[in-house]
Amino acid sequence: MGTSDIALERVQALLKVDSGNGSMYNHLVRTVRLLAADKPENALAQLETLSRQLKESAFSGAPAPEQAEESIAAVAAEEQRKRWALQSLQLLKSPSDHTATPKVLAAVQNFLEDASMFEWAGVGFGRQESFHIAMSLRKLAAETPALDSLRLWGKLLGTEGDYLVAEGVLKMPPGGLSAGAAMPGTPEYDVEERGEGANSCSYWVSSGASAGWVRLPSARASQIAAARNIKRMLTGSLNSSVPSTPWFPGTEQHLLRVQIARISSTCTLAAKGWYEPDEESGIKNKIKMVDAENLAFPASEELATQDGWVHASPFLLSNGKSTWPDLEALGEKLTEEQTAEISAQAEAEPEHAMLEGITEDLAELKPEDAEGGSPAWSIKVYGDEGVYDFGENGGAKTYRVTAVRSTIWPGAVTVAQGSRFANLYVGYGMKCGTMVPSQKESGLPLRGTLPLMPVAPDDICDEPKDLEENEEPNPIQDEAESDKGDVDEDPEA
Amino acid sequence: MENQDLETGLKYCAAGGQVLNCQEIAGLSGGLALLKSKEQFQRIYFWGKVFGQTADYYVAYGLRNGDFEFPTKHFFFSGKEFQFNALMQPTQEEADRIVELCGDKPLTGAAGTQLEPPKEGEEEPQLDENGEPIPVQGPKKLTEADRLARLVQEIDFDTAAVPKGAHTLSASHSVVAANDFKGLTSSDAAALTSYVHYRAPVSIAALRTLARVDAQAHAGNILDGLDGDQPKGCWAVRKDSTSDLVTLRSLSWPGYIAFHVPETKKFGGIYFGYAQKCYELPFLL
């Protein structure tokens, strides 16, 4: 191969350099092709014009955007998914730094262990969601100061959204909160103090396991009394109004709070012998766990009957509180009429002690010839019903799961396995009257279960007493006795 | 939902708070497989669990080609032992009698429970030489199984939600699963209008479409839509936080929950409840 060949290749390479708008070589080829096709008469004179036209027609400019580029169809959904993923990953992080000493949190229920117990009873949210809930409870415990204990209370379903509800006990400030007995009719009287009655526990709600928790306001006695007369489905938005007849004083968060209080009061159960009244604390209705050496957990046969269970939450009276006003403490501030009225109410509806058995619930609805316990509870046994002998130390054991369901608040369930038990509520938060016999006297369903509850008119003022009637006074005639004459004599005549 | 999809299906429905335990899933897989081979169904579907006071019923169904366009659903029930028995549909008179006798009372959980209170002076059923009761002539004695059959039918009529387009008309004019169904889009899946009742249609619009010569071309409208259900607002449509799952809850029959995973063929529904309809729903919303 000679040097001239190399030079030719170099020239060819130079001609083929493409600087973006085509190469010299291509341009020359196209020019010659055009000349051959058009056969102009004076080709040499038109060469520059032709060349320029060709050059301009070959200009391609910046490349158009790629047609097949991947695009996200639902931007909003994608954003939401991303947020959820970030939040749920955030949940999995340990609340304390790896290098530091672990942060000690409040007594949080081992929800995963309880969830497997609930699953046997057919109640649950799936394994992954249960784990998310457990982690979410941990997060709440880490964020809340002065928390004593925390557990998942349940899930309230609504039309637009659901509420996960966490129940916690806050530490009492030293010296207690007590501000003395409140007078009936005052705003202080309306709210039971923290740690008492409907406000024994504090509640937090969340729209989902990865969303944040919001603390609910305290339950008010007036709202509890009002909620007994209405039946509404929750919407899922805390600040939505509650359009109902009779009128409910508050928004959905207040309704939510009092429904939680009503359900807790009726449906929180404990195995008999697990708790005992706490007399040392000095607080009414306070209970504590029985010491380990005295603990006699009911056998599984007993748990499968209503005798094995007791109420573990203060009973709410018709005034929406767990107690009647303390007549001794209020002493002389009350008028005699008020004292008499309160004593009459307290006599008609006595306060309930803590840890009452469940067999007498709704005894007034029970048909006379019916056997068995209260119609308000239904007990079922699930799982492996085998009995296993563990020798002298362990004794006979069974792994079966006993579930106690409320028939007036469908969705409330208490589950026991071995010597563990837990309460949970999953439902729409509405009282149901069709599962229990109807009222004996009126034949109507259970009180407070009809959606239409017309209110009786308020007391009408009594008619005022008629005043004594007198004849119209006539001073002139009164002055002199009538002389019984036919004609009045003119005195001036 | 279909037998083999039971576990994943339950996971999708778990937001309603109801699940089946391992024992039940194990029992159902066995019981449904037996039922499928005994009744020669191509596919067997688990319908739900109906709670009673002392025990629960498990209900399943299979599809058979009926004389009408829509295949007939044959329902079966079992108790704790997962031996499935057919649920015989009561006649109209029997159904009326059941309502009259029981009203809203909860189910007991024992399928053999007689609904009618025993009459005064009625003799014990006479036993033949083998110890079997001799069938007494006269009207059929209604039992709780009949009541369950009626309730299941009623619930299924009001629920049975499936995505629109999942079923189509075949060339022989019967409703079959659509092969080209690829799932609803993410935005469509959140709308109530995209779901229909998987049962024989009753609305005039759907029947008129079925009667058309070119009915196959309008296969999207052959079933009744959920948006026509009364009262308005009786369905709670929920997109979960990942937007990868849409669930529909019936508020008329609390406990029924249907799901659909958008952009996939996955859909199904299940009922867990006391078989009690929420008649007062219009006043609660």
# chains A, B, ... in the order shown; residues from 1 in each chain; ligands from 1
>>> closest_atom_pairs(of="region 13-131 of chain A", to="region 230-240 of chain B", cutoff="10 Å", atoms="only C-alpha atoms", output="tab-separated table")
residue	atom	partner	partner_atom	distance
A:Ala77	CA	B:Lys239	CA	9.8
A:Gln80	CA	B:Asp240	CA	9.9
A:Arg81	CA	B:Asp240	CA	9.5
A:Trp84	CA	B:Asp240	CA	9.9
>>> select_by_dssp(residues="region 373-433 of chain A", states="strand (DSSP E)", output="PyMOL selection string")
chain A and resi 377-382+387-389+396-398+401-406+412-417+420-427
>>> residues_around(residues="Ala160 (chain B)", least_positions_apart="6", cutoff="7 Å", atoms="only C-alpha atoms", output="list of chain:residue names")
B:His197, B:Tyr198, B:Gly269
>>> write_last_selection(atoms="C-alpha atoms", output="mmCIF file, in the first residue's frame")
data_model
loop_
_atom_site.group_PDB
_atom_site.id
_atom_site.type_symbol
_atom_site.label_atom_id
_atom_site.label_comp_id
_atom_site.auth_asym_id
_atom_site.auth_seq_id
_atom_site.Cartn_x
_atom_site.Cartn_y
_atom_site.Cartn_z
ATOM 1 C CA HIS B 197 -73.101 -7.160 40.958
ATOM 2 C CA TYR B 198 -72.055 -10.628 39.847
ATOM 3 C CA GLY B 269 -65.270 -10.619 48.112
#
>>> interface_residues(of="chain A", to="chain B", cutoff="7 Å", atoms="only C-alpha atoms", output="list in words")
Ala77, Gln80, Arg81, Trp84, Glu119, Trp120, Gly122, Val123, Gly124, Phe125, Gly126, Thr159, Glu160, Lys231, Arg232, Met233, Ser378, Lys380, Gly383, Val426, Thr434, Met435 and Pro451 of chain A
>>> atom_distance(atom1="CA of Thr305 (chain A)", atom2="CA of Pro445 (chain A)")
25.7 Å
>>> atom_distance(atom1="CA of Leu105 (chain A)", atom2="CA of Pro217 (chain A)")
23.3 Å
>>> residues_around(residues="Glu143 (chain A)", least_positions_apart="3", cutoff="12 Å", atoms="only C-alpha atoms", output="compact mmCIF listing (two decimals) with N, CA and C atoms, in the first residue's frame")
# COMPACT_ATOMS: atom_id res chain seq x y z
N PRO A 95 -36.52 3.47 68.29
CA PRO A 95 -36.73 4.82 68.83
C PRO A 95 -35.49 5.42 69.48
N SER A 96 -34.52 4.58 69.83
CA SER A 96 -33.32 5.17 70.45
C SER A 96 -32.09 4.89 69.59
N LYS A 103 -33.56 3.66 75.17
CA LYS A 103 -34.54 4.48 75.85
C LYS A 103 -35.62 3.55 76.44
N VAL A 104 -36.00 3.78 77.67
CA VAL A 104 -37.00 2.91 78.28
C VAL A 104 -38.38 3.53 78.08
N LEU A 105 -39.27 2.78 77.44
CA LEU A 105 -40.61 3.30 77.14
C LEU A 105 -41.62 2.76 78.15
N ALA A 106 -42.83 3.23 78.03
CA ALA A 106 -43.90 2.79 78.93
C ALA A 106 -44.24 1.33 78.66
N SER A 136 -46.29 1.23 65.50
CA SER A 136 -46.91 2.53 65.66
C SER A 136 -47.18 2.83 67.13
N LEU A 137 -47.56 1.80 67.88
CA LEU A 137 -47.76 1.97 69.33
C LEU A 137 -46.44 2.32 69.99
N ARG A 138 -45.36 1.70 69.52
CA ARG A 138 -44.05 1.98 70.08
C ARG A 138 -43.68 3.43 69.83
N LYS A 139 -44.00 3.90 68.62
CA LYS A 139 -43.68 5.28 68.28
C LYS A 139 -44.47 6.23 69.18
N LEU A 140 -45.75 5.91 69.38
CA LEU A 140 -46.57 6.76 70.24
C LEU A 140 -46.02 6.79 71.66
N ALA A 146 -44.65 10.97 80.22
CA ALA A 146 -45.48 10.63 81.39
C ALA A 146 -46.51 9.56 81.08
N LEU A 147 -46.16 8.64 80.19
CA LEU A 147 -47.10 7.56 79.87
C LEU A 147 -46.78 6.36 80.75
N GLY A 212 -49.94 9.59 61.86
CA GLY A 212 -49.66 10.04 63.21
C GLY A 212 -50.84 9.85 64.15
N TRP A 213 -50.58 9.97 65.44
CA TRP A 213 -51.64 9.80 66.44
C TRP A 213 -52.13 11.16 66.91
N VAL A 214 -53.43 11.25 67.17
CA VAL A 214 -54.04 12.48 67.67
C VAL A 214 -54.72 12.14 68.99
N ARG A 215 -54.48 12.96 70.02
CA ARG A 215 -55.10 12.64 71.30
C ARG A 215 -56.53 13.18 71.32
>>> closest_residue(among="A:Arg127, A:Lys55, A:Arg220, A:Lys397", to="Phe111 (chain A)", atoms="only C-alpha atoms")
A:Arg127
>>> select_by_dssp(residues="region 53-280 of chain B", states="alpha helix (DSSP H)", output="ChimeraX atom specification")
/B:92-102,144-158,204-211
>>> residues_around(residues="region 57-61 of chain B", least_positions_apart="5", cutoff="6 Å", atoms="only C-alpha atoms", output="list in words")
Tyr45, Phe46, Trp47, Gly48, Lys49, Val50, His74, Phe75, Phe76, Phe77, Ser78 and Gly79 of chain B
>>> residues_around(residues="region 86-90 of chain B", least_positions_apart="4", cutoff="12 Å", atoms="only C-alpha atoms", output="PyMOL selection string")
chain B and resi 35+38-39+57-62+72-78+94-99+111+140-154
>>> decode(residues="region 94-108 of chain A", atoms="C-alpha atoms", output="PDB file, in the first residue's frame")
ATOM      1  CA  SER A  94     -35.606   1.906  66.625  1.00  0.00           C
ATOM      2  CA  PRO A  95     -36.732   4.816  68.827  1.00  0.00           C
ATOM      3  CA  SER A  96     -33.320   5.170  70.446  1.00  0.00           C
ATOM      4  CA  ASP A  97     -29.851   5.608  69.013  1.00  0.00           C
ATOM      5  CA  HIS A  98     -27.809   2.410  68.575  1.00  0.00           C
ATOM      6  CA  THR A  99     -24.791   3.822  70.342  1.00  0.00           C
ATOM      7  CA  ALA A 100     -26.636   5.273  73.334  1.00  0.00           C
ATOM      8  CA  THR A 101     -28.252   3.303  76.138  1.00  0.00           C
ATOM      9  CA  PRO A 102     -31.711   2.142  75.017  1.00  0.00           C
ATOM     10  CA  LYS A 103     -34.541   4.476  75.853  1.00  0.00           C
ATOM     11  CA  VAL A 104     -36.996   2.907  78.283  1.00  0.00           C
ATOM     12  CA  LEU A 105     -40.608   3.296  77.139  1.00  0.00           C
ATOM     13  CA  ALA A 106     -43.901   2.786  78.934  1.00  0.00           C
ATOM     14  CA  ALA A 107     -45.499  -0.630  79.358  1.00  0.00           C
ATOM     15  CA  VAL A 108     -46.693  -1.208  75.785  1.00  0.00           C
TER      16      VAL A 108
END
